[in-house]
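The data block below is upload-v4.cif; it holds mmCIF, C-alpha atoms.
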data_data
#
loop_
_atom_site.group_PDB
_atom_site.id
_atom_site.type_symbol
_atom_site.label_atom_id
_atom_site.label_comp_id
_atom_site.auth_asym_id
_atom_site.auth_seq_id
_atom_site.Cartn_x
_atom_site.Cartn_y
_atom_site.Cartn_z
ATOM 1 C CA MET A 1 0.000 0.000 0.000
ATOM 2 C CA GLN A 2 2.852 2.372 0.885
ATOM 3 C CA LYS A 3 4.465 1.799 -2.546
ATOM 4 C CA ILE A 4 1.204 2.701 -4.283
ATOM 5 C CA ARG A 5 0.902 5.955 -2.288
ATOM 6 C CA ILE A 6 4.490 6.874 -3.124
ATOM 7 C CA ALA A 7 3.918 6.086 -6.816
ATOM 8 C CA LEU A 8 0.750 8.226 -6.838
ATOM 9 C CA LEU A 9 2.548 11.070 -5.085
ATOM 10 C CA ILE A 10 5.437 10.963 -7.555
ATOM 11 C CA SER A 11 2.974 10.892 -10.455
ATOM 12 C CA ALA A 12 1.081 13.892 -9.052
ATOM 13 C CA VAL A 13 4.296 15.883 -8.536
ATOM 14 C CA MET A 14 5.506 15.089 -12.060
ATOM 15 C CA THR A 15 2.150 16.107 -13.547
ATOM 16 C CA ALA A 16 2.123 19.381 -11.594
ATOM 17 C CA SER A 17 5.701 20.102 -12.660
ATOM 18 C CA ALA A 18 4.886 19.449 -16.300
ATOM 19 C CA LEU A 19 1.904 21.813 -16.116
ATOM 20 C CA ALA A 20 4.074 24.534 -14.602
ATOM 21 C CA LEU A 21 6.610 24.499 -17.433
ATOM 22 C CA PRO A 22 6.139 27.195 -20.048
ATOM 23 C CA GLN A 23 4.825 26.112 -23.434
ATOM 24 C CA THR A 24 7.675 27.022 -25.782
ATOM 25 C CA GLY A 25 8.516 26.781 -29.460
ATOM 26 C CA THR A 26 10.478 28.540 -32.176
ATOM 27 C CA PHE A 27 9.800 30.814 -35.115
ATOM 28 C CA ARG A 28 12.106 31.422 -38.076
ATOM 29 C CA ASP A 29 12.079 34.938 -39.546
ATOM 30 C CA SER A 30 12.182 34.462 -43.323
ATOM 31 C CA ARG A 31 13.626 37.972 -43.817
ATOM 32 C CA ASP A 32 17.028 37.111 -42.330
ATOM 33 C CA GLY A 33 16.805 33.448 -41.327
ATOM 34 C CA LYS A 34 17.089 34.142 -37.576
ATOM 35 C CA THR A 35 15.229 31.707 -35.339
ATOM 36 C CA TYR A 36 13.487 33.132 -32.255
ATOM 37 C CA ARG A 37 12.274 31.277 -29.199
ATOM 38 C CA THR A 38 8.542 31.646 -28.515
ATOM 39 C CA VAL A 39 6.419 31.147 -25.421
ATOM 40 C CA VAL A 40 2.696 31.007 -24.650
ATOM 41 C CA ILE A 41 1.662 33.440 -21.917
ATOM 42 C CA GLY A 42 -2.012 33.381 -21.114
ATOM 43 C CA SER A 43 -3.360 32.149 -24.425
ATOM 44 C CA ARG A 44 -1.081 34.211 -26.686
ATOM 45 C CA VAL A 45 2.211 33.366 -28.406
ATOM 46 C CA TRP A 46 4.991 35.885 -27.742
ATOM 47 C CA MET A 47 8.560 36.022 -28.974
ATOM 48 C CA ALA A 48 10.651 34.996 -25.988
ATOM 49 C CA GLU A 49 13.548 37.229 -26.946
ATOM 50 C CA ASN A 50 14.028 40.745 -28.257
ATOM 51 C CA LEU A 51 13.733 41.271 -31.976
ATOM 52 C CA ALA A 52 17.110 41.511 -33.722
ATOM 53 C CA PHE A 53 16.006 42.276 -37.288
ATOM 54 C CA ASN A 54 18.409 44.796 -38.805
ATOM 55 C CA ALA A 55 15.900 47.422 -39.951
ATOM 56 C CA LYS A 56 17.412 50.602 -41.361
ATOM 57 C CA GLY A 57 18.029 53.005 -38.479
ATOM 58 C CA SER A 58 17.872 50.389 -35.715
ATOM 59 C CA ALA A 59 20.869 50.130 -33.417
ATOM 60 C CA CYS A 60 22.890 47.863 -31.193
ATOM 61 C CA TYR A 61 23.501 49.260 -27.711
ATOM 62 C CA ASP A 62 26.674 51.403 -27.877
ATOM 63 C CA ASN A 63 26.764 50.495 -31.601
ATOM 64 C CA LYS A 64 28.467 47.194 -30.697
ATOM 65 C CA ASN A 65 27.396 44.052 -32.582
ATOM 66 C CA GLU A 66 27.972 41.847 -29.531
ATOM 67 C CA ASN A 67 25.183 43.780 -27.760
ATOM 68 C CA CYS A 68 22.769 42.964 -30.584
ATOM 69 C CA ALA A 69 23.659 39.293 -30.260
ATOM 70 C CA LYS A 70 22.985 39.352 -26.514
ATOM 71 C CA TYR A 71 20.135 41.898 -26.210
ATOM 72 C CA GLY A 72 18.535 42.349 -29.649
ATOM 73 C CA ARG A 73 18.290 45.650 -31.508
ATOM 74 C CA LEU A 74 16.824 48.992 -30.393
ATOM 75 C CA TYR A 75 14.177 50.726 -32.534
ATOM 76 C CA ASN A 76 12.482 54.114 -32.498
ATOM 77 C CA PHE A 77 8.691 53.974 -32.501
ATOM 78 C CA GLU A 78 8.206 54.313 -36.258
ATOM 79 C CA MET A 79 10.675 51.497 -36.939
ATOM 80 C CA ALA A 80 9.119 49.364 -34.191
ATOM 81 C CA THR A 81 5.674 49.513 -35.815
ATOM 82 C CA LYS A 82 7.126 47.994 -39.014
ATOM 83 C CA ALA A 83 9.773 45.676 -37.534
ATOM 84 C CA CYS A 84 7.787 42.534 -36.700
ATOM 85 C CA PRO A 85 7.690 39.821 -39.380
ATOM 86 C CA ALA A 86 4.534 38.829 -41.267
ATOM 87 C CA GLY A 87 2.077 37.043 -38.977
ATOM 88 C CA TRP A 88 3.346 38.954 -35.929
ATOM 89 C CA HIS A 89 2.714 42.469 -34.638
ATOM 90 C CA LEU A 90 3.882 45.050 -32.128
ATOM 91 C CA PRO A 91 1.560 44.601 -29.102
ATOM 92 C CA GLU A 92 -0.827 47.412 -28.223
ATOM 93 C CA ASN A 93 -1.330 48.640 -24.657
ATOM 94 C CA ASP A 94 -4.335 46.370 -24.044
ATOM 95 C CA GLU A 95 -2.275 43.317 -25.026
ATOM 96 C CA TRP A 96 0.584 44.369 -22.716
ATOM 97 C CA LYS A 97 -1.962 44.993 -19.927
ATOM 98 C CA ARG A 98 -3.413 41.479 -20.313
ATOM 99 C CA PHE A 99 0.155 40.103 -20.259
ATOM 100 C CA ARG A 100 0.982 42.004 -17.049
ATOM 101 C CA THR A 101 -2.315 40.989 -15.409
ATOM 102 C CA PHE A 102 -1.680 37.320 -16.182
ATOM 103 C CA ILE A 103 1.800 37.457 -14.628
ATOM 104 C CA GLU A 104 0.750 39.513 -11.578
ATOM 105 C CA ASP A 105 -2.366 37.384 -10.952
ATOM 106 C CA SER A 106 -0.171 34.278 -11.006
ATOM 107 C CA ASP A 107 2.783 35.573 -8.975
ATOM 108 C CA GLY A 108 1.730 38.786 -7.245
ATOM 109 C CA LYS A 109 3.007 42.213 -8.225
ATOM 110 C CA GLU A 110 6.313 42.051 -6.343
ATOM 111 C CA ALA A 111 7.255 38.545 -7.531
ATOM 112 C CA ALA A 112 6.304 39.302 -11.154
ATOM 113 C CA TRP A 113 9.493 41.365 -11.554
ATOM 114 C CA MET A 114 11.704 38.359 -10.758
ATOM 115 C CA SER A 115 9.500 35.957 -12.749
ATOM 116 C CA LEU A 116 10.032 37.933 -15.967
ATOM 117 C CA LYS A 117 13.752 38.643 -15.666
ATOM 118 C CA SER A 118 16.222 36.418 -17.509
ATOM 119 C CA ARG A 119 17.917 33.735 -15.450
ATOM 120 C CA ASP A 120 21.273 33.899 -17.235
ATOM 121 C CA LYS A 121 21.448 37.533 -18.429
ATOM 122 C CA TRP A 122 19.757 39.160 -15.437
ATOM 123 C CA ASP A 123 19.259 37.905 -11.895
ATOM 124 C CA GLY A 124 15.707 36.608 -12.323
ATOM 125 C CA SER A 125 13.890 33.282 -12.279
ATOM 126 C CA ASP A 126 12.446 33.537 -15.831
ATOM 127 C CA ARG A 127 9.533 31.450 -14.601
ATOM 128 C CA TYR A 128 7.485 32.013 -17.765
ATOM 129 C CA GLY A 129 10.280 31.632 -20.318
ATOM 130 C CA PHE A 130 9.804 35.239 -21.491
ATOM 131 C CA ASP A 131 13.503 35.928 -20.789
ATOM 132 C CA VAL A 132 13.493 39.710 -20.260
ATOM 133 C CA VAL A 133 17.042 41.026 -20.627
ATOM 134 C CA PRO A 134 18.288 44.427 -19.364
ATOM 135 C CA ALA A 135 18.844 45.796 -22.873
ATOM 136 C CA GLY A 136 18.660 49.460 -21.867
ATOM 137 C CA LYS A 137 17.498 52.168 -24.262
ATOM 138 C CA ALA A 138 18.771 54.994 -26.431
ATOM 139 C CA THR A 139 17.669 58.613 -26.186
ATOM 140 C CA ASP A 140 20.398 61.179 -26.866
ATOM 141 C CA ASP A 141 22.749 58.596 -25.326
ATOM 142 C CA PHE A 142 22.689 54.883 -24.637
ATOM 143 C CA LEU A 143 21.369 54.335 -21.098
ATOM 144 C CA GLU A 144 20.510 51.627 -18.548
ATOM 145 C CA LEU A 145 22.220 48.562 -20.039
ATOM 146 C CA GLY A 146 22.178 45.926 -17.308
ATOM 147 C CA VAL A 147 19.609 47.933 -15.321
ATOM 148 C CA ALA A 148 16.273 48.072 -17.169
ATOM 149 C CA ALA A 149 14.253 46.722 -20.099
ATOM 150 C CA HIS A 150 12.093 48.945 -22.308
ATOM 151 C CA PHE A 151 9.567 47.745 -24.895
ATOM 152 C CA TRP A 152 7.418 49.606 -27.405
ATOM 153 C CA SER A 153 3.641 49.366 -27.554
ATOM 154 C CA SER A 154 1.825 50.138 -30.818
ATOM 155 C CA THR A 155 -0.562 52.501 -28.989
ATOM 156 C CA THR A 156 -0.088 56.197 -29.804
ATOM 157 C CA GLU A 157 -1.341 59.515 -28.535
ATOM 158 C CA ASP A 158 -0.681 62.978 -30.000
ATOM 159 C CA GLY A 159 2.226 61.782 -32.145
ATOM 160 C CA ASP A 160 4.056 59.935 -29.401
ATOM 161 C CA ALA A 161 3.700 56.385 -28.151
ATOM 162 C CA TYR A 162 3.569 54.235 -25.071
ATOM 163 C CA GLY A 163 6.410 52.139 -23.789
ATOM 164 C CA TRP A 164 6.448 49.352 -21.211
ATOM 165 C CA HIS A 165 9.293 49.372 -18.727
ATOM 166 C CA LEU A 166 10.679 46.714 -16.395
ATOM 167 C CA GLU A 167 13.015 48.577 -14.085
ATOM 168 C CA PRO A 168 13.927 49.019 -10.430
ATOM 169 C CA PRO A 169 12.390 48.898 -7.904
ATOM 170 C CA GLY A 170 10.450 46.120 -9.611
ATOM 171 C CA ASP A 171 7.556 47.558 -11.563
ATOM 172 C CA PHE A 172 6.395 46.556 -15.029
ATOM 173 C CA LYS A 173 4.677 49.757 -16.019
ATOM 174 C CA MET A 174 3.359 51.682 -18.982
ATOM 175 C CA GLU A 175 4.503 55.251 -19.679
ATOM 176 C CA PHE A 176 3.910 57.830 -22.383
ATOM 177 C CA ASP A 177 7.206 58.149 -24.276
ATOM 178 C CA VAL A 178 8.868 60.243 -26.953
ATOM 179 C CA SER A 179 8.682 58.340 -30.248
ATOM 180 C CA SER A 180 12.331 59.047 -31.106
ATOM 181 C CA ASN A 181 13.513 57.001 -28.082
ATOM 182 C CA MET A 182 14.898 53.611 -29.021
ATOM 183 C CA TYR A 183 13.570 50.577 -27.179
ATOM 184 C CA SER A 184 13.451 46.820 -27.624
ATOM 185 C CA VAL A 185 10.650 45.105 -29.542
ATOM 186 C CA ARG A 186 8.788 41.949 -28.543
ATOM 187 C CA CYS A 187 6.447 40.686 -31.232
ATOM 188 C CA LEU A 188 3.110 39.002 -30.557
ATOM 189 C CA LYS A 189 1.697 36.391 -32.914
ATOM 190 C CA ASP A 190 -1.448 37.451 -34.785
ATOM 191 C CA TYR A 191 -4.650 35.554 -33.923
#

Show the structure stored in the file as structure tokens.
Amino acid sequence: MQKIRIALLISAVMTASALALPQTGTFRDSRDGKTYRTVVIGSRVWMAENLAFNAKGSACYDNKNENCAKYGRLYNFEMATKACPAGWHLPENDEWKRFRTFIEDSDGKEAAWMSLKSRDKWDGSDRYGFDVVPAGKATDDFLELGVAAHFWSSTTEDGDAYGWHLEPPGDFKMEFDVSSNMYSVRCLKDY
């Protein structure tokens, strides 16, 4: 009887562990042949790494190619709206809000910060496989590499756009931003 209980317990633990693992995949960008990791968060498929497509005017942090390899490219808002490959799009504010709500409802607001941060490139747990890296941003200068992550939203207002920022002390928040700033892009698969 004891062996049966142990076997059932092990089976239950393994099933729970399997359910907790993120649902991942890959996508190959036909424009340049780069393969991106993908992950399902909520019911949507997101790229699980920053876009690295070399669109005219995009930049590597500090203009160093090794930063593009590690963190992806930075795009101003206009470039960001056109950067995602066919079948994918730049998420709008409502899609980012649903993403944040899913993470915070699962982990709580404070823990969400650590759950999103990359395990190997930032000091997080990367619980969801979204692998947020501290890619920084570019304004008049390159800023915040190793400190913060900034993503564009496709939502605009009065000629400028909204960005989503994961930065100390641990918030994932939306802010109205100047469209000439250069941020990372995460693409969301079309329905």

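One finds atom CA of Tyr191 of chain A at 28.6 Å from atom CA of Pro134 of chain A.
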
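What the PyMOL selection byres ((chain A and resi 163-176) around 6) matches in the given file is Trp113, Ala148, Ala149, His150, Phe151, Trp152, Ser153, Ala161, Tyr162 and Asp177 of chain A.
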
So which one's closest to Val133 of chain A, A:Arg119, A:Lys64, A:Lys109, A:Arg31? Using all atoms listed in the file, please.
->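 For Val133 of chain A, the nearest of the given residues is A:Arg119.
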
Mind telling me what the PyMOL selection byres ((chain A and resi 51) around 12) catches here, as number ranges by chain?
-> A: 27-29, 32, 34-38, 46-50, 52-55, 58-60, 68-75, 79-80, 82-85, 88-90, 132-133, 135, 151-152, 183-188

Any chance you could work out the residue set of the PyMOL selection byres ((chain A and resi 93-106) around 7) here, as a short mmCIF file (atom, residue, chain, number, x, y, z; two decimals) with C-alpha atoms, in the frame of the given file?
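Writing the result to result-v2.cif gives the following:
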data_model
loop_
_atom_site.label_atom_id
_atom_site.label_comp_id
_atom_site.auth_asym_id
_atom_site.auth_seq_id
_atom_site.Cartn_x
_atom_site.Cartn_y
_atom_site.Cartn_z
CA GLY A 42 -2.01 33.38 -21.11
CA PRO A 91 1.56 44.60 -29.10
CA GLU A 92 -0.83 47.41 -28.22
CA ASP A 107 2.78 35.57 -8.98
CA GLY A 108 1.73 38.79 -7.24
CA LYS A 109 3.01 42.21 -8.22
CA ALA A 112 6.30 39.30 -11.15
CA SER A 153 3.64 49.37 -27.55
CA THR A 155 -0.56 52.50 -28.99
#

Atom CA of Asn181 of chain A to atom CA of Ser125 of chain A, straight-line distance in Å |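 Distance reported for this atom pair: 28.5 Å.
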
A:Asp62, A:Glu78, A:Asp120, A:Glu157 ranked by distance to Glu144 of chain A, top pick (using only C-alpha atoms) =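 Closest residue, counting only C-alpha atoms: A:Asp62.
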
Straight-line distance linking atom CA of Arg127 of chain A with atom CA of Arg44 of chain A, stated in Å to one decimal |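 So the two atoms, atom CA of Arg127 of chain A and atom CA of Arg44 of chain A, lie 16.3 Å apart.
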